[in-house]
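Here's the structure we're looking at; comments come further down.
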Amino acid sequence: MRPTPLWQTDVRLPSFPALERDIEADVAVIGAGIAGVTAAMLLQRAGKRVALIEARQVGGGETGHTTAHLTELIDARYHVLESKFGRDGARRARESSRAAIDRIEALAAELAPDCGFERVAEYLYAETDAQRRELENELASLQRAGSSASWVEQVPLPLAIQGAVRLDQQGRFHPLAYLRGLLARFVADGGEVFERTAMLDVDEAQPCRVRTSGGTITARDVLVLAHVPVINRLALHTKLAAYRSYAIAAPLREPFPDANFSDMQDPYHYIRSQQTAAGTVLIVGGEDHKTGKHDDTRQCFERLAQYASAHFPIGEISHRWSGQIIEPADGLPFIGKNTGADHVYVGTGFSGEGMTFGTLAAMLLSDAVLEVKNPWAALYDATRVKPLAQARKVLSEGADFPAHIAHDRITGGEVETPEQVPAGEGRLVREQGKMLAVYRDDGGALHARSAVCTHLGCYVHWNRAERSWDCPCHGSRFDIDGAVLNGPAIKPLAQPGAADEPTTVPVETAALQGAK
Ligand SMILES: Cc1cc2nc3c(=O)[nH]c(=O)nc-3n(C[C@H](O)[C@H](O)[C@H](O)COP(=O)(O)OP(=O)(O)OC[C@H]3O[C@@H](n4cnc5c(N)ncnc54)[C@H](O)[C@@H]3O)c2cc1C
Ligand code: FES
């Protein structure tokens, strides 16, 4: 089964032309996921002329690969936020997350009544004594942050647990039906959308000039909401780590409680149901791992399917998909002006809460452009410097870029020659001093590209489940013919023999020290 998100089977988003000329706008928005579409719609509605560009298709990024729990829970945990941002910071993080859910509810009611937005409880449950102690601690922090979260000994699931935190008035919806409603309003208000139009670079002059694959956009303000900070080559990437997360959907054979759930395993599972035309399905997500660092990604789907079948009354798996999660090193997203810029803004590091944080980014950045004071802007400042200790995991895995580069300079290929690459598989092959990423399709034809990631030069790794080339350094992903699937890379993998094919890892000390 090729990966396809549940959401894409029942909602088709409209398509838009590619940009083929130079244009002017008040604001250029890069990336048409929940963050970019919401920001574009809010700004156009406030009277700005907005051009929204999308490298591929609207909603085709992580917003089309989510599981769409809307929750004030934060991956980093509130007791960690208290230690990094103080109790007031944790309180403001909760308050702003709630405000984002409230905004989604209001926009859904106004613009996307068919997106099935509903308020439900979210349970975070412990299955061991150690998890229970951590959860008790988290509840205390949540309550200090102003949450009405409460302790319960049981959840309405057939599981033996050690207690849970229950949060009322959280939410869920169909992300693409929601996006469709916001896009319709944006276009009706005169907003312009361009698909298959990739931002190549931004000149931060006055006005800014956004060079794209189809023309230049001249705009006073630029919002880079591409999930990763594609304009910020290094400064932000040292504070972010990219993970893959997996999800499956299957028809439910018995009624399922009207609530969202997540456990505390490492990696954890997240569980919810969804109404579809064919009946109610269960969606289970989890099996996260650092991008480019798993030998057989198909096993992630298999383990998820086994977990779901062992615990819940489901039929055959109908959908499976995976996507990218960007974890910020100090626990909160980076939203605000890009380093050293006055009119270029970024929003990234939304963790597994990108529905709420993406919406929050749109709220904060539209306020910034409209010069409206926002009470949460300082908390999310994209240029902040904090002790990077949210997750030792993020730090130890996210800071391994120099080690990858050093290793890549001396490593050999995974097989000796392209002929040894099996059908349906990809392997690294070293030929004449150059490392190639070679894929053999099911018909036997070989597809070869340079294995050197075009972001900062690590070697890409084969992802079996997605049939893609994934970079372990900052999470860029490429298809079998080298096209960019996920940034921060902007350029495709080079053709072997092409003038721009790197002979070795093209990262120089200057780039490490000076790139922004
Ligand atoms: C399996 C999974 C489960 C998840 N579950 C949840 C959940 O339950 N709750 C929750 O809140 N969040 C969840 N998330 C996270 C959430 O889905 C994302 O954080 C969110 O969708 C990010 O939205 P975005 O608009 O920032 O990015 P995207 O939706 O990825 O949009 C960014 C767009 O920018 C485009 N782009 C990139 N580079 C360029 C360029 N150079 N030029 C032009 N366009 C460009 C991309 O093509 C993309 O379409 C989950 C994620 C995954 C993968
Ligand atoms: S994503 Fe940064 S080097 Fe590949």
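Order determines the names: the first chain of the structure tokens is A, the second B, and so forth; residues in each chain are numbered 1 upward, and ligands are numbered 1 upward as they are shown.
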
Problem set entry | Contacts of Ala308 of chain A at 9 Å (only C-alpha atoms; same-chain gap of 4+ positions) as an MDAnalysis selection string | chainID A and resid 248 282:284 303:304 312:314

Ligand 1: which residues are within 7 Å, counting only C-alpha atoms and all ligand atoms, as a short mmCIF file (atom, residue, chain, number, x, y, z; two decimals) with N, CA and C atoms, in the first residue's frame?
```
data_model
loop_
_atom_site.label_atom_id
_atom_site.label_comp_id
_atom_site.auth_asym_id
_atom_site.auth_seq_id
_atom_site.Cartn_x
_atom_site.Cartn_y
_atom_site.Cartn_z
N ILE A 30 5.03 32.57 1.93
CA ILE A 30 5.67 31.39 1.34
C ILE A 30 5.16 30.15 2.07
N GLY A 31 4.46 29.26 1.35
CA GLY A 31 4.00 28.01 1.95
C GLY A 31 2.52 28.02 2.22
N ALA A 32 1.79 27.05 1.61
CA ALA A 32 0.33 27.02 1.76
C ALA A 32 -0.11 25.83 2.60
N GLY A 33 0.40 25.76 3.83
CA GLY A 33 -0.14 24.84 4.83
C GLY A 33 -1.04 25.65 5.74
N ILE A 34 -1.35 25.11 6.92
CA ILE A 34 -2.29 25.82 7.80
C ILE A 34 -1.74 27.18 8.20
N ALA A 35 -0.41 27.28 8.40
CA ALA A 35 0.15 28.56 8.85
C ALA A 35 0.05 29.60 7.74
N GLY A 36 0.51 29.24 6.53
CA GLY A 36 0.54 30.19 5.43
C GLY A 36 -0.86 30.60 4.98
N ILE A 53 2.46 31.80 -2.22
CA ILE A 53 3.08 30.85 -3.16
C ILE A 53 3.35 29.53 -2.46
N GLU A 54 3.25 28.46 -3.25
CA GLU A 54 3.40 27.10 -2.72
C GLU A 54 4.25 26.30 -3.72
N ALA A 55 5.31 25.67 -3.20
CA ALA A 55 6.24 24.95 -4.08
C ALA A 55 5.56 23.78 -4.78
N ARG A 56 4.58 23.16 -4.10
CA ARG A 56 3.92 21.98 -4.70
C ARG A 56 2.42 22.26 -4.80
N GLN A 57 1.60 21.59 -3.97
CA GLN A 57 0.15 21.87 -3.99
C GLN A 57 -0.28 22.39 -2.63
N VAL A 58 -1.31 23.24 -2.63
CA VAL A 58 -1.82 23.74 -1.35
C VAL A 58 -2.26 22.55 -0.50
N GLY A 59 -1.91 22.60 0.77
CA GLY A 59 -2.30 21.53 1.70
C GLY A 59 -1.56 20.23 1.50
N GLY A 60 -0.58 20.21 0.59
CA GLY A 60 0.14 18.95 0.31
C GLY A 60 1.31 18.70 1.24
N GLY A 61 1.64 19.68 2.10
CA GLY A 61 2.73 19.50 3.06
C GLY A 61 2.25 18.77 4.30
N GLU A 62 2.78 19.15 5.45
CA GLU A 62 2.45 18.41 6.68
C GLU A 62 0.99 18.59 7.08
N THR A 63 0.38 19.71 6.67
CA THR A 63 -1.03 19.91 7.01
C THR A 63 -1.91 18.83 6.38
N GLY A 64 -1.46 18.27 5.27
CA GLY A 64 -2.19 17.15 4.67
C GLY A 64 -1.78 15.82 5.27
N HIS A 65 -0.82 15.82 6.19
CA HIS A 65 -0.31 14.55 6.75
C HIS A 65 -0.46 14.50 8.28
N THR A 66 -1.29 15.38 8.80
CA THR A 66 -1.43 15.50 10.24
C THR A 66 -2.42 14.46 10.78
N THR A 67 -2.65 14.46 12.09
CA THR A 67 -3.79 13.71 12.63
C THR A 67 -4.78 14.68 13.29
N ALA A 68 -4.40 15.97 13.34
CA ALA A 68 -5.33 17.06 13.69
C ALA A 68 -6.00 16.94 15.06
N HIS A 69 -5.23 16.57 16.08
CA HIS A 69 -5.70 16.80 17.46
C HIS A 69 -5.48 18.29 17.72
N LEU A 70 -6.42 18.95 18.33
CA LEU A 70 -6.21 20.35 18.73
C LEU A 70 -6.11 20.36 20.24
N THR A 71 -4.93 20.68 20.73
CA THR A 71 -4.72 20.52 22.17
C THR A 71 -3.80 21.57 22.74
N THR A 197 5.22 26.88 -7.41
CA THR A 197 6.04 28.09 -7.43
C THR A 197 6.90 28.11 -6.17
N ALA A 198 8.17 27.78 -6.35
CA ALA A 198 9.06 27.67 -5.19
C ALA A 198 9.81 28.97 -4.96
N MET A 199 9.87 29.39 -3.70
CA MET A 199 10.74 30.51 -3.34
C MET A 199 12.19 30.04 -3.46
N LEU A 200 13.01 30.82 -4.17
CA LEU A 200 14.42 30.45 -4.31
C LEU A 200 15.28 31.26 -3.35
N LEU A 225 6.48 30.71 5.81
CA LEU A 225 5.73 29.73 6.60
C LEU A 225 5.77 28.39 5.87
N ALA A 226 6.99 27.95 5.59
CA ALA A 226 7.23 26.75 4.80
C ALA A 226 7.49 25.53 5.69
N HIS A 227 7.08 25.60 6.94
CA HIS A 227 7.26 24.58 7.97
C HIS A 227 8.69 24.57 8.50
N VAL A 230 13.20 28.01 5.31
CA VAL A 230 13.98 27.81 4.09
C VAL A 230 14.92 28.97 3.75
N ARG A 244 10.40 12.01 11.65
CA ARG A 244 9.28 11.43 10.91
C ARG A 244 8.28 10.92 11.93
N SER A 245 6.99 11.08 11.66
CA SER A 245 5.95 10.48 12.48
C SER A 245 5.02 9.73 11.55
N TYR A 246 4.42 8.65 12.04
CA TYR A 246 3.64 7.74 11.19
C TYR A 246 2.20 7.67 11.66
N ALA A 247 1.28 7.44 10.73
CA ALA A 247 -0.13 7.31 11.12
C ALA A 247 -0.80 6.25 10.26
N GLY A 285 -1.38 7.32 15.58
CA GLY A 285 -0.10 7.85 15.12
C GLY A 285 1.01 7.50 16.10
N TRP A 321 0.17 6.82 6.37
CA TRP A 321 0.94 7.97 5.85
C TRP A 321 1.96 8.38 6.91
N SER A 322 2.93 9.15 6.48
CA SER A 322 3.89 9.67 7.45
C SER A 322 4.22 11.10 7.09
N GLY A 323 4.81 11.80 8.00
CA GLY A 323 5.12 13.20 7.75
C GLY A 323 6.21 13.68 8.68
N GLN A 324 6.50 14.95 8.56
CA GLN A 324 7.63 15.54 9.26
C GLN A 324 7.16 16.37 10.46
N ILE A 325 7.90 16.23 11.57
CA ILE A 325 7.62 17.04 12.76
C ILE A 325 8.91 17.81 13.05
N THR A 348 8.34 28.51 12.65
CA THR A 348 8.81 27.11 12.51
C THR A 348 8.91 26.47 13.90
N PHE A 350 7.05 23.79 15.13
CA PHE A 350 5.71 23.65 15.70
C PHE A 350 5.50 22.32 16.44
N SER A 351 6.50 21.44 16.48
CA SER A 351 6.39 20.13 17.13
C SER A 351 5.17 19.38 16.59
N GLY A 352 4.60 18.52 17.45
CA GLY A 352 3.40 17.78 17.05
C GLY A 352 2.14 18.57 17.31
N GLU A 353 2.29 19.91 17.48
CA GLU A 353 1.12 20.77 17.73
C GLU A 353 1.00 21.84 16.66
N GLY A 354 1.32 21.46 15.41
CA GLY A 354 1.36 22.46 14.34
C GLY A 354 0.01 22.99 13.92
N MET A 355 -1.08 22.28 14.26
CA MET A 355 -2.40 22.86 13.96
C MET A 355 -2.60 24.11 14.80
N THR A 356 -2.29 24.00 16.09
CA THR A 356 -2.45 25.16 16.97
C THR A 356 -1.30 26.15 16.77
N PHE A 357 -0.05 25.66 16.77
CA PHE A 357 1.07 26.60 16.64
C PHE A 357 1.12 27.23 15.25
N GLY A 358 0.72 26.50 14.20
CA GLY A 358 0.67 27.08 12.86
C GLY A 358 -0.35 28.22 12.83
N ASN A 486 10.81 18.01 1.07
CA ASN A 486 10.79 18.81 2.29
C ASN A 486 12.06 19.65 2.34
N GLY A 487 11.93 20.92 2.78
CA GLY A 487 13.10 21.76 3.01
C GLY A 487 13.77 21.34 4.30
N ILE A 490 16.40 23.77 -1.02
CA ILE A 490 15.57 24.42 -2.04
C ILE A 490 15.87 23.82 -3.41
#
```

Problem set entry | Surroundings of ligand 2 up to 9 Å, based on only C-alpha atoms and all ligand atoms, as a ChimeraX atom specification | /A:233-234,237,401,404-405,452-460,470-477,486-489,507

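Take the candidates A:Arg91, A:Lys337, A:Arg12, A:His461 and check each one against Arg427 of chain A using only C-alpha atoms; the shortest distance goes to A:His461.
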
Problem set entry | Distance query Pro328 of chain A at most 8 Å, only C-alpha atoms, self and fewer than 5 positions along chain excluded, as a PyMOL selection string | chain A and resi 239-241+333-334+349-351+394

For this session: Determine, counting only C-alpha atoms, which protein, DNA and RNA residues have an atom within 12 Å of an atom of segment 149-165 of chain A; residues of the same chain fewer than 4 positions away are not included. Present the result as number ranges by chain.
Result: A: 71-73, 94, 121-145, 169-170, 254-264, 271-272, 308, 310-313

Exercise. In Å, with one decimal, what is the gap from atom CA of Glu431 of chain A to atom CA of Arg298 of chain A?
Worked result: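 Taking atom CA of Glu431 of chain A and atom CA of Arg298 of chain A, their separation equals 28.4 Å.
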